[in-house]
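Peer 1: Sharing a structure here in structure tokens format.
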Number of protein chains: 2
Amino acid sequence: MFAPAYLDHNATTPVDARVLEAMLPWFSRQYGNASSRHEFGRAARSAVDQARAQVAAAVGAHATEVVFTCGGTEANNLFVKGAAALVPAGIIAISAVEHPSVREPARSLQRQGWRLREIAVHAEGCVATTDFSDAMAERPALISVMLANNETGVIQDVAALAEMARPVRAWFHSDAVQALGKISVDFRDLNARGVHALTVSAHKIGGPKGAGALIVDKRLELAPLISGGGHERGLRSGTENVPAIVGFGMACELAVAEKSAVATRQLSLRGELERGLAEQGAVIFGLKAERLPNTVFFALPGIDGETLVAKLDRAGFAVASGAACSSASPEPSHALVAMGVESELARGALRVSLGRDTTEQLVRDFLLALAETVFQLRRLAALAS
Amino acid sequence: MFAPAYLDHNATTPVDARVLEAMLPWFSRQYGNASSRHEFGRAARSAVDQARAQVAAAVGAHATEVVFTCGGTEANNLFVKGAAALVPAGIIAISAVEHPSVREPARSLQRQGWRLREIAVHAEGCVATTDFSDAMAERPALISVMLANNETGVIQDVAALAEMARPVRAWFHSDAVQALGKISVDFRDLNARGVHALTVSAHKIGGPKGAGALIVDKRLELAPLISGGGHERGLRSGTENVPAIVGFGMACELAVAEKSAVATRQLSLRGELERGLAEQGAVIFGLKAERLPNTVFFALPGIDGETLVAKLDRAGFAVASGAACSSASPEPSHALVAMGVESELARGALRVSLGRDTTEQLVRDFLLALAETVFQLRRLAALAS
């Protein structure tokens, strides 16, 4: 089998072998419905409880603050729509670089009389504190600012923003999907600073697709998106996906245990990658901002990102052009537009996101393949002109 | 390991070995995000496409009519809330025996000015056509009547009801979660008779938890519950749960291929079970109605259902007392109350739901264990009085 080199870990990650092993008994042997009252059901319930404790521990939360969902997108929707349903229509303020799973639900609130206020970011991708202040002066009822961006990897100082937002008494949410396992995520601390809800997801940290959670301060009341049997304290009905939840718990435990070792290795690889890219004339987005150790978002002037992804794919390297989750629509990256990157350069954007097991050799091979591909593309362009 | 006998297949089923085998490559080897444009992404996309065709074929629908969700509860919510969001507030008519995942979202519409009209069932659990007619005269905008009930197994003549509803021009939905794999489910035929949407789920048919679908006539416009990257034609955003979707496809294929053989065997076992229960003085609910071949819902006068489930569990038999999905709340079965069963008898209700592999020996062992347990409970009651 042709096994291309995978450098797209912000889109999704392979399920860690230890995670899959933990999941396997729950498919065909211990297959009970966690709401059933017999032996099978109790075993499933206890597995879900254990995973809940693991997820809580990984983010510094209490187990009772974890609401399992089927993923990060659902958790972001649960905050935005669930919180909005129980307060009078007002303003929702979100950063201009939020993931579509925050932006689209926020937009959808406009039909119910809400106003969407996007908070500007400066050229490096960090939330502009002056515009954040201005937005706070408009007294939003809901605020959402991500911990780290999926495309640029830029980290926001969410704790500081939450403290600035405090006098407004809004509900403050942060999408921590890309942050978890890569940088420290501490709900207890963030909550003390004024953050009320946090989104996390399993499949970005070596866990399975199909599990995520909203970590919720219990003072924040939410209307469920999905109602029915009353699972997850009435906040999210539907038979618990036991194997996925078990895998999520294990992935959280591993991600936190191995975070600093992985981050150290990735920072060193990222440095090597960025030096190589600089030599090839690349513009690295958010270069001066604090960023995730595994993410490099860049463009090579005059080269189209989509074409480059396709050529690199044929050469055996899997990378992303825009945000993978929405690559159904080939618009220039929303984040780059917000950062004021001119659209021609933005269309050249390429994202490399390293995994836990990415090797130095792979980074070097990638740089070589990139150089060759770009050389060919430039020659073709020269011949055509 | 203690392996109790599992007789609760309407709550959930073990993942079929062939299904798990189909899923396995998609966790750690072919782990791409189906929205990514490289080799990993395309492989995942093609697996999702194949599963979509399998699910469509199993229910007689076109692949483009399949909207994947994370389960039946979400699919039911998507119909109720998604359809209601795009029409003026009016009446939603549902049968009095709907699953909580239809009933609760229907109730939640009341906050937005909707009126909930429950349609009565007669004593055997079938929708009362006179009351259905009366409800239609009130001109509901949305209608939901399940194909088969999770507790009683009673099958509704949804096609006939949809034809009766036609002049009203409402959107008609049917929850087919318990029907799929047990009786014939043909969306093409139902759609021709006036049904616009159908809910199906993987984990009730030997597939994994975490996958379901709403089969939707494209004339029916729905607002998404979960918005973001625009997956599933904008109707359901979030990274596709590729392994679960692949498993769902395979489970559908197997369920349909093996349906008639399984149904024949189960009908014979159900007959034996019911004869044994009758000898023990059991009242079988919906006995005269057309019912799923695998389901028997009954009570033994004077015996409490919860106590019986616990005793049988200790004896090694996993059965359900009420609807497993909501056994968090030990209220008497909603379906039985709707059927006019007096509450003392209803509190004695026990559900046995057979699986594909349930043997004749197991049914006999269960009848014996039940007789012994009931004998002991009655003796204790006699001693206490």
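Numbering starts fresh at 1 for the residues of each chain in the structure tokens, the chains themselves are lettered A, B, ... in the order given, and ligands are numbered from 1 as they appear.
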Could you please tell me, as a ChimeraX atom specification, which residues of chain A have an atom within 7 Å of chain B when using only C-alpha atoms?

Peer 2: /A:11-16,27-29,31-33,35-36,38-39,70,73-74,77,100-102,104-105,208-210,225-230,237-239,241,310,313,318,324-328

Peer 1: Give me, as a short mmCIF file (atom, residue, chain, number, x, y, z; two decimals) with N, CA, C and O atoms, in the first residue's frame, all polymer residues having an atom no more than 7 Å from Val127 of chain B, counting only C-alpha atoms and skipping those fewer than 3 positions away in the same chain.

Peer 2:
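What follows is the written file part.cif:
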```
data_model
loop_
_atom_site.label_atom_id
_atom_site.label_comp_id
_atom_site.auth_asym_id
_atom_site.auth_seq_id
_atom_site.Cartn_x
_atom_site.Cartn_y
_atom_site.Cartn_z
N SER B 95 -47.61 10.85 17.31
CA SER B 95 -48.37 9.80 18.00
C SER B 95 -48.02 9.84 19.48
O SER B 95 -46.96 10.31 19.88
N ILE B 119 -51.46 12.27 19.11
CA ILE B 119 -52.50 11.46 18.48
C ILE B 119 -52.66 10.17 19.28
O ILE B 119 -51.68 9.45 19.51
N ALA B 120 -53.88 9.90 19.67
CA ALA B 120 -54.15 8.75 20.54
C ALA B 120 -53.85 7.42 19.85
O ALA B 120 -53.91 7.31 18.62
N VAL B 121 -53.49 6.42 20.66
CA VAL B 121 -53.39 5.05 20.17
C VAL B 121 -54.49 4.25 20.85
O VAL B 121 -54.93 4.60 21.94
N HIS B 122 -54.90 3.16 20.21
CA HIS B 122 -55.90 2.33 20.89
C HIS B 122 -55.21 1.35 21.82
O HIS B 122 -53.98 1.37 21.97
N GLN B 156 -46.77 0.55 13.13
CA GLN B 156 -47.83 1.45 12.66
C GLN B 156 -47.94 1.36 11.15
O GLN B 156 -46.92 1.20 10.46
#
```

Peer 1: Assign secondary structure with DSSP using the backbone only, and return the residues of segment 133-212 of chain B in alpha helix (DSSP H) as number ranges by chain.

Peer 2: B: 133-137, 158-165, 187-193

Peer 1: Selection from above, all heavy atoms, as a compact mmCIF listing (two decimals), in the first residue's frame, can you write it?

Peer 2:
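That gives us result-v3.txt:
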```txt
# COMPACT_ATOMS: atom_id res chain seq x y z
N SER B 133 -57.51 11.34 12.09
CA SER B 133 -58.34 12.19 11.22
C SER B 133 -58.65 13.52 11.89
O SER B 133 -58.54 14.58 11.27
CB SER B 133 -59.68 11.50 10.92
OG SER B 133 -59.52 10.57 9.91
N ASP B 134 -59.05 13.44 13.15
CA ASP B 134 -59.36 14.67 13.89
C ASP B 134 -58.13 15.59 13.93
O ASP B 134 -58.23 16.81 13.75
CB ASP B 134 -59.79 14.35 15.33
CG ASP B 134 -61.16 13.67 15.37
OD1 ASP B 134 -61.84 13.63 14.31
OD2 ASP B 134 -61.54 13.18 16.44
N ALA B 135 -56.97 14.99 14.18
CA ALA B 135 -55.73 15.78 14.24
C ALA B 135 -55.45 16.43 12.89
O ALA B 135 -55.02 17.58 12.82
CB ALA B 135 -54.56 14.91 14.69
N MET B 136 -55.69 15.68 11.81
CA MET B 136 -55.45 16.23 10.48
C MET B 136 -56.38 17.42 10.20
O MET B 136 -55.99 18.37 9.52
CB MET B 136 -55.62 15.16 9.39
CG MET B 136 -54.57 14.06 9.42
SD MET B 136 -52.84 14.65 9.42
CE MET B 136 -52.36 14.35 11.12
N ALA B 137 -57.59 17.34 10.74
CA ALA B 137 -58.55 18.43 10.54
C ALA B 137 -58.04 19.73 11.16
O ALA B 137 -58.45 20.83 10.78
CB ALA B 137 -59.91 18.05 11.12
N VAL B 158 -47.76 3.32 8.67
CA VAL B 158 -47.36 4.69 8.37
C VAL B 158 -47.76 5.10 6.96
O VAL B 158 -48.19 6.24 6.73
CB VAL B 158 -45.83 4.85 8.62
CG1 VAL B 158 -45.33 6.16 8.04
CG2 VAL B 158 -45.53 4.77 10.11
N ALA B 159 -47.66 4.17 6.01
CA ALA B 159 -48.02 4.50 4.63
C ALA B 159 -49.49 4.93 4.55
O ALA B 159 -49.81 5.94 3.91
CB ALA B 159 -47.76 3.30 3.72
N ALA B 160 -50.36 4.19 5.23
CA ALA B 160 -51.79 4.54 5.20
C ALA B 160 -52.04 5.88 5.88
O ALA B 160 -52.83 6.69 5.39
CB ALA B 160 -52.60 3.43 5.87
N LEU B 161 -51.35 6.11 7.01
CA LEU B 161 -51.51 7.39 7.72
C LEU B 161 -51.01 8.54 6.85
O LEU B 161 -51.64 9.60 6.78
CB LEU B 161 -50.77 7.35 9.06
CG LEU B 161 -51.27 6.31 10.08
CD1 LEU B 161 -50.35 6.25 11.28
CD2 LEU B 161 -52.71 6.62 10.52
N ALA B 162 -49.90 8.33 6.17
CA ALA B 162 -49.35 9.39 5.31
C ALA B 162 -50.33 9.71 4.19
O ALA B 162 -50.52 10.88 3.83
CB ALA B 162 -48.00 8.97 4.75
N GLU B 163 -50.98 8.70 3.66
CA GLU B 163 -51.97 8.96 2.60
C GLU B 163 -53.14 9.76 3.15
O GLU B 163 -53.65 10.67 2.49
CB GLU B 163 -52.43 7.65 1.97
CG GLU B 163 -51.30 6.99 1.19
CD GLU B 163 -51.76 6.22 -0.03
OE1 GLU B 163 -52.91 5.77 -0.05
OE2 GLU B 163 -50.95 6.09 -0.98
N MET B 164 -53.57 9.41 4.37
CA MET B 164 -54.65 10.18 5.01
C MET B 164 -54.24 11.63 5.22
O MET B 164 -55.07 12.54 5.18
CB MET B 164 -54.99 9.59 6.38
CG MET B 164 -55.88 8.34 6.34
SD MET B 164 -56.07 7.68 8.03
CE MET B 164 -57.09 8.98 8.79
N ALA B 165 -52.93 11.83 5.49
CA ALA B 165 -52.44 13.17 5.82
C ALA B 165 -52.22 14.04 4.59
O ALA B 165 -52.09 15.26 4.69
CB ALA B 165 -51.13 13.06 6.61
N PHE B 187 -38.15 3.63 1.65
CA PHE B 187 -38.40 5.06 1.58
C PHE B 187 -39.05 5.44 0.26
O PHE B 187 -39.91 6.33 0.22
CB PHE B 187 -37.11 5.86 1.79
CG PHE B 187 -37.33 7.35 1.84
CD1 PHE B 187 -38.06 7.93 2.86
CD2 PHE B 187 -36.80 8.17 0.85
CE1 PHE B 187 -38.28 9.30 2.89
CE2 PHE B 187 -37.01 9.56 0.88
CZ PHE B 187 -37.75 10.11 1.91
N ARG B 188 -38.65 4.78 -0.85
CA ARG B 188 -39.23 5.14 -2.15
C ARG B 188 -40.74 4.98 -2.10
O ARG B 188 -41.49 5.87 -2.50
CB ARG B 188 -38.61 4.24 -3.25
CG ARG B 188 -38.87 4.68 -4.67
CD ARG B 188 -38.43 6.11 -5.00
NE ARG B 188 -37.03 6.37 -4.78
CZ ARG B 188 -36.55 7.31 -3.94
NH1 ARG B 188 -37.37 8.06 -3.23
NH2 ARG B 188 -35.27 7.51 -3.81
N ASP B 189 -41.18 3.85 -1.53
CA ASP B 189 -42.62 3.60 -1.43
C ASP B 189 -43.28 4.57 -0.44
O ASP B 189 -44.31 5.18 -0.73
CB ASP B 189 -42.85 2.15 -1.00
CG ASP B 189 -44.33 1.86 -0.78
OD1 ASP B 189 -45.11 2.05 -1.74
OD2 ASP B 189 -44.71 1.48 0.34
N LEU B 190 -42.67 4.71 0.73
CA LEU B 190 -43.25 5.60 1.75
C LEU B 190 -43.32 7.04 1.23
O LEU B 190 -44.29 7.76 1.46
CB LEU B 190 -42.41 5.56 3.04
CG LEU B 190 -42.51 4.27 3.87
CD1 LEU B 190 -41.43 4.23 4.94
CD2 LEU B 190 -43.91 4.16 4.51
N ASN B 191 -42.28 7.44 0.52
CA ASN B 191 -42.22 8.79 -0.03
C ASN B 191 -43.34 9.00 -1.04
O ASN B 191 -44.00 10.05 -1.06
CB ASN B 191 -40.83 9.00 -0.66
CG ASN B 191 -40.55 10.45 -1.02
OD1 ASN B 191 -40.05 10.74 -2.09
ND2 ASN B 191 -40.87 11.37 -0.14
N ALA B 192 -43.60 7.98 -1.85
CA ALA B 192 -44.68 8.07 -2.83
C ALA B 192 -46.04 8.21 -2.14
O ALA B 192 -46.96 8.82 -2.67
CB ALA B 192 -44.67 6.84 -3.74
N ARG B 193 -46.14 7.65 -0.92
CA ARG B 193 -47.39 7.73 -0.19
C ARG B 193 -47.48 9.01 0.66
O ARG B 193 -48.49 9.25 1.30
CB ARG B 193 -47.52 6.54 0.77
CG ARG B 193 -47.21 5.22 0.12
CD ARG B 193 -48.43 4.61 -0.54
NE ARG B 193 -48.37 3.18 -0.34
CZ ARG B 193 -49.21 2.50 0.44
NH1 ARG B 193 -50.20 3.09 1.03
NH2 ARG B 193 -49.05 1.22 0.58
```

Peer 1: When distances are computed from only C-alpha atoms, which of B:Ala44, B:Ala128, B:Val200, B:Ile245 shows the smallest separation from Ala338 of chain B?

Peer 2: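 Nearest candidate to Ala338 of chain B out of B:Ala44, B:Ala128, B:Val200, B:Ile245: B:Ala128.
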
Peer 1: For Ile94 of chain A, which residue among A:Ile215, A:Val55, A:Leu254, A:Ile143 is the nearest when counting only C-alpha atoms?

Peer 2: A:Ile143

Peer 1: Fewer than 4 positions away in the same chain doesn't count, so skip those; otherwise give me all residues within 6 Å of Ile92 of chain B, counting only C-alpha atoms, as a ChimeraX atom specification.

Peer 2: /B:116,140,142-143

Peer 1: Write out, as a PDB file, in the first residue's frame, the residues just selected, with C-alpha atoms.

Peer 2:
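Everything below was put into out37.pdb:
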```
ATOM      1  CA  LEU B 116     -48.157  19.929  20.291  1.00  0.00           C
ATOM      2  CA  PRO B 140     -50.722  20.385  11.452  1.00  0.00           C
ATOM      3  CA  LEU B 142     -45.448  18.758  10.894  1.00  0.00           C
ATOM      4  CA  ILE B 143     -46.342  15.126  11.605  1.00  0.00           C
TER       5      ILE B 143
END
```

Peer 1: Just list the residues in segment 8-227 of chain B DSSP gives strand (DSSP E or B) on the backbone, as an MDAnalysis selection string.

Peer 2: chainID B and resid 8 66:69 91:95 115:119 121 127 142:144 148 154:155 171:175 180 183 197:201 212:216

Peer 1: Pull N, CA, C and O atoms from the residues just selected and write them as a short mmCIF file (atom, residue, chain, number, x, y, z; two decimals), in the first residue's frame.

Peer 2:
```
data_model
loop_
_atom_site.label_atom_id
_atom_site.label_comp_id
_atom_site.auth_asym_id
_atom_site.auth_seq_id
_atom_site.Cartn_x
_atom_site.Cartn_y
_atom_site.Cartn_z
N ASP B 8 -31.75 -7.65 25.32
CA ASP B 8 -32.13 -6.23 25.33
C ASP B 8 -31.68 -5.56 24.02
O ASP B 8 -31.12 -4.46 24.04
N VAL B 66 -29.56 10.82 1.86
CA VAL B 66 -29.05 10.39 3.16
C VAL B 66 -28.26 11.52 3.82
O VAL B 66 -27.27 11.99 3.27
N VAL B 67 -28.69 11.96 4.99
CA VAL B 67 -27.94 12.94 5.77
C VAL B 67 -27.42 12.22 7.01
O VAL B 67 -28.19 11.83 7.88
N PHE B 68 -26.10 12.03 7.07
CA PHE B 68 -25.54 11.33 8.23
C PHE B 68 -25.58 12.22 9.47
O PHE B 68 -25.29 13.42 9.41
N THR B 69 -25.93 11.60 10.58
CA THR B 69 -25.91 12.26 11.89
C THR B 69 -25.14 11.34 12.83
O THR B 69 -24.67 10.29 12.41
N ILE B 91 -48.98 23.69 14.23
CA ILE B 91 -49.22 22.50 15.05
C ILE B 91 -48.25 21.40 14.62
O ILE B 91 -48.04 21.18 13.42
N ILE B 92 -47.64 20.72 15.59
CA ILE B 92 -46.91 19.49 15.30
C ILE B 92 -47.70 18.34 15.90
O ILE B 92 -48.03 18.36 17.09
N ALA B 93 -48.06 17.38 15.05
CA ALA B 93 -48.85 16.22 15.49
C ALA B 93 -47.95 15.00 15.54
O ALA B 93 -47.29 14.67 14.55
N ILE B 94 -47.89 14.37 16.72
CA ILE B 94 -47.09 13.15 16.84
C ILE B 94 -47.93 12.09 17.54
O ILE B 94 -48.86 12.42 18.29
N SER B 95 -47.61 10.85 17.31
CA SER B 95 -48.37 9.80 18.00
C SER B 95 -48.02 9.84 19.48
O SER B 95 -46.96 10.31 19.88
N ARG B 115 -47.97 24.41 18.79
CA ARG B 115 -48.84 23.62 19.65
C ARG B 115 -48.55 22.14 19.36
O ARG B 115 -48.40 21.74 18.20
N LEU B 116 -48.42 21.35 20.43
CA LEU B 116 -48.16 19.93 20.29
C LEU B 116 -49.48 19.17 20.38
O LEU B 116 -50.21 19.28 21.37
N ARG B 117 -49.78 18.41 19.33
CA ARG B 117 -51.01 17.63 19.30
C ARG B 117 -50.61 16.16 19.34
O ARG B 117 -50.00 15.66 18.38
N GLU B 118 -50.91 15.47 20.45
CA GLU B 118 -50.61 14.04 20.51
C GLU B 118 -51.78 13.25 19.95
O GLU B 118 -52.93 13.52 20.28
N ILE B 119 -51.46 12.27 19.11
CA ILE B 119 -52.50 11.46 18.48
C ILE B 119 -52.66 10.17 19.28
O ILE B 119 -51.68 9.45 19.51
N VAL B 121 -53.49 6.42 20.66
CA VAL B 121 -53.39 5.05 20.17
C VAL B 121 -54.49 4.25 20.85
O VAL B 121 -54.93 4.60 21.94
N VAL B 127 -51.97 3.58 16.22
CA VAL B 127 -52.56 4.91 16.12
C VAL B 127 -54.05 4.78 15.80
O VAL B 127 -54.43 4.03 14.89
N LEU B 142 -46.40 19.86 10.80
CA LEU B 142 -45.45 18.76 10.89
C LEU B 142 -46.13 17.56 11.55
O LEU B 142 -46.95 17.73 12.46
N ILE B 143 -45.77 16.36 11.06
CA ILE B 143 -46.34 15.13 11.60
C ILE B 143 -45.20 14.13 11.80
O ILE B 143 -44.31 14.05 10.96
N SER B 144 -45.23 13.41 12.91
CA SER B 144 -44.25 12.34 13.09
C SER B 144 -44.92 11.12 13.72
O SER B 144 -45.48 11.21 14.81
N ALA B 148 -42.15 1.60 14.07
CA ALA B 148 -42.35 0.54 15.07
C ALA B 148 -41.91 1.07 16.41
O ALA B 148 -40.93 1.81 16.52
N VAL B 154 -44.90 -2.60 18.51
CA VAL B 154 -46.09 -2.43 17.66
C VAL B 154 -45.74 -1.62 16.41
O VAL B 154 -45.08 -0.59 16.49
N ILE B 155 -46.17 -2.15 15.26
CA ILE B 155 -45.88 -1.54 13.97
C ILE B 155 -47.06 -0.66 13.55
O ILE B 155 -48.22 -1.08 13.66
N TRP B 171 -45.36 18.30 6.46
CA TRP B 171 -44.16 17.50 6.32
C TRP B 171 -44.31 16.29 7.25
O TRP B 171 -44.53 16.46 8.45
N PHE B 172 -44.18 15.09 6.70
CA PHE B 172 -44.45 13.85 7.44
C PHE B 172 -43.15 13.10 7.66
O PHE B 172 -42.45 12.75 6.71
N HIS B 173 -42.85 12.82 8.92
CA HIS B 173 -41.63 12.11 9.30
C HIS B 173 -41.97 10.81 10.01
O HIS B 173 -42.99 10.72 10.69
N SER B 174 -41.09 9.82 9.84
CA SER B 174 -41.28 8.58 10.58
C SER B 174 -39.96 8.10 11.15
O SER B 174 -38.94 8.06 10.46
N ASP B 175 -39.98 7.74 12.43
CA ASP B 175 -38.81 7.20 13.12
C ASP B 175 -38.76 5.70 12.83
O ASP B 175 -39.61 4.94 13.31
N LEU B 180 -35.87 -0.78 11.10
CA LEU B 180 -34.80 -1.15 10.16
C LEU B 180 -34.17 -2.49 10.55
O LEU B 180 -33.80 -2.71 11.70
N ILE B 183 -38.20 -5.26 9.87
CA ILE B 183 -39.27 -5.34 8.88
C ILE B 183 -38.82 -4.53 7.67
O ILE B 183 -37.82 -3.83 7.73
N ALA B 197 -39.53 12.13 5.43
CA ALA B 197 -38.25 11.93 6.13
C ALA B 197 -38.34 10.71 7.02
O ALA B 197 -39.42 10.38 7.54
N LEU B 198 -37.20 10.06 7.19
CA LEU B 198 -37.13 8.78 7.90
C LEU B 198 -35.85 8.78 8.74
O LEU B 198 -34.80 9.16 8.26
N THR B 199 -35.97 8.35 9.99
CA THR B 199 -34.79 8.26 10.85
C THR B 199 -34.32 6.81 10.97
O THR B 199 -35.13 5.92 11.22
N VAL B 200 -33.01 6.61 10.80
CA VAL B 200 -32.43 5.28 11.00
C VAL B 200 -31.16 5.40 11.85
O VAL B 200 -30.59 6.49 11.97
N SER B 201 -30.76 4.31 12.46
CA SER B 201 -29.62 4.33 13.39
C SER B 201 -28.83 3.04 13.26
O SER B 201 -29.39 1.97 13.01
N GLY B 212 -26.00 7.53 12.55
CA GLY B 212 -27.42 7.43 12.20
C GLY B 212 -27.62 8.27 10.96
O GLY B 212 -26.66 8.82 10.41
N ALA B 213 -28.85 8.37 10.53
CA ALA B 213 -29.11 9.20 9.36
C ALA B 213 -30.56 9.65 9.35
O ALA B 213 -31.44 8.98 9.88
N LEU B 214 -30.75 10.82 8.76
CA LEU B 214 -32.09 11.24 8.39
C LEU B 214 -32.16 11.10 6.87
O LEU B 214 -31.31 11.64 6.15
N ILE B 215 -33.14 10.32 6.41
CA ILE B 215 -33.36 10.18 4.98
C ILE B 215 -34.38 11.26 4.63
O ILE B 215 -35.45 11.32 5.23
N VAL B 216 -34.02 12.14 3.70
CA VAL B 216 -34.83 13.33 3.48
C VAL B 216 -35.21 13.54 2.02
O VAL B 216 -34.33 13.61 1.15
#
```

Peer 1: Could you check the closest approach to Arg219 of chain B for each of B:Ala123, B:Ala261, B:Leu370, B:Val195 and tell me which residue wins, using only C-alpha atoms?

Peer 2: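 With only C-alpha atoms as the atom set, the closest residue is B:Val195.
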
Peer 1: So how far away is atom CA of Phe285 of chain B from atom CA of Ala202 of chain B, in Å?

Peer 2: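 Distance between the two atoms: 26.6 Å.
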
Peer 1: For atom CA of Val168 of chain A and atom CA of Gln112 of chain A, quote the distance in Å rounded to one decimal.

Peer 2: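 Taking atom CA of Val168 of chain A as the start and atom CA of Gln112 of chain A as the end point, the length is 21.7 Å.
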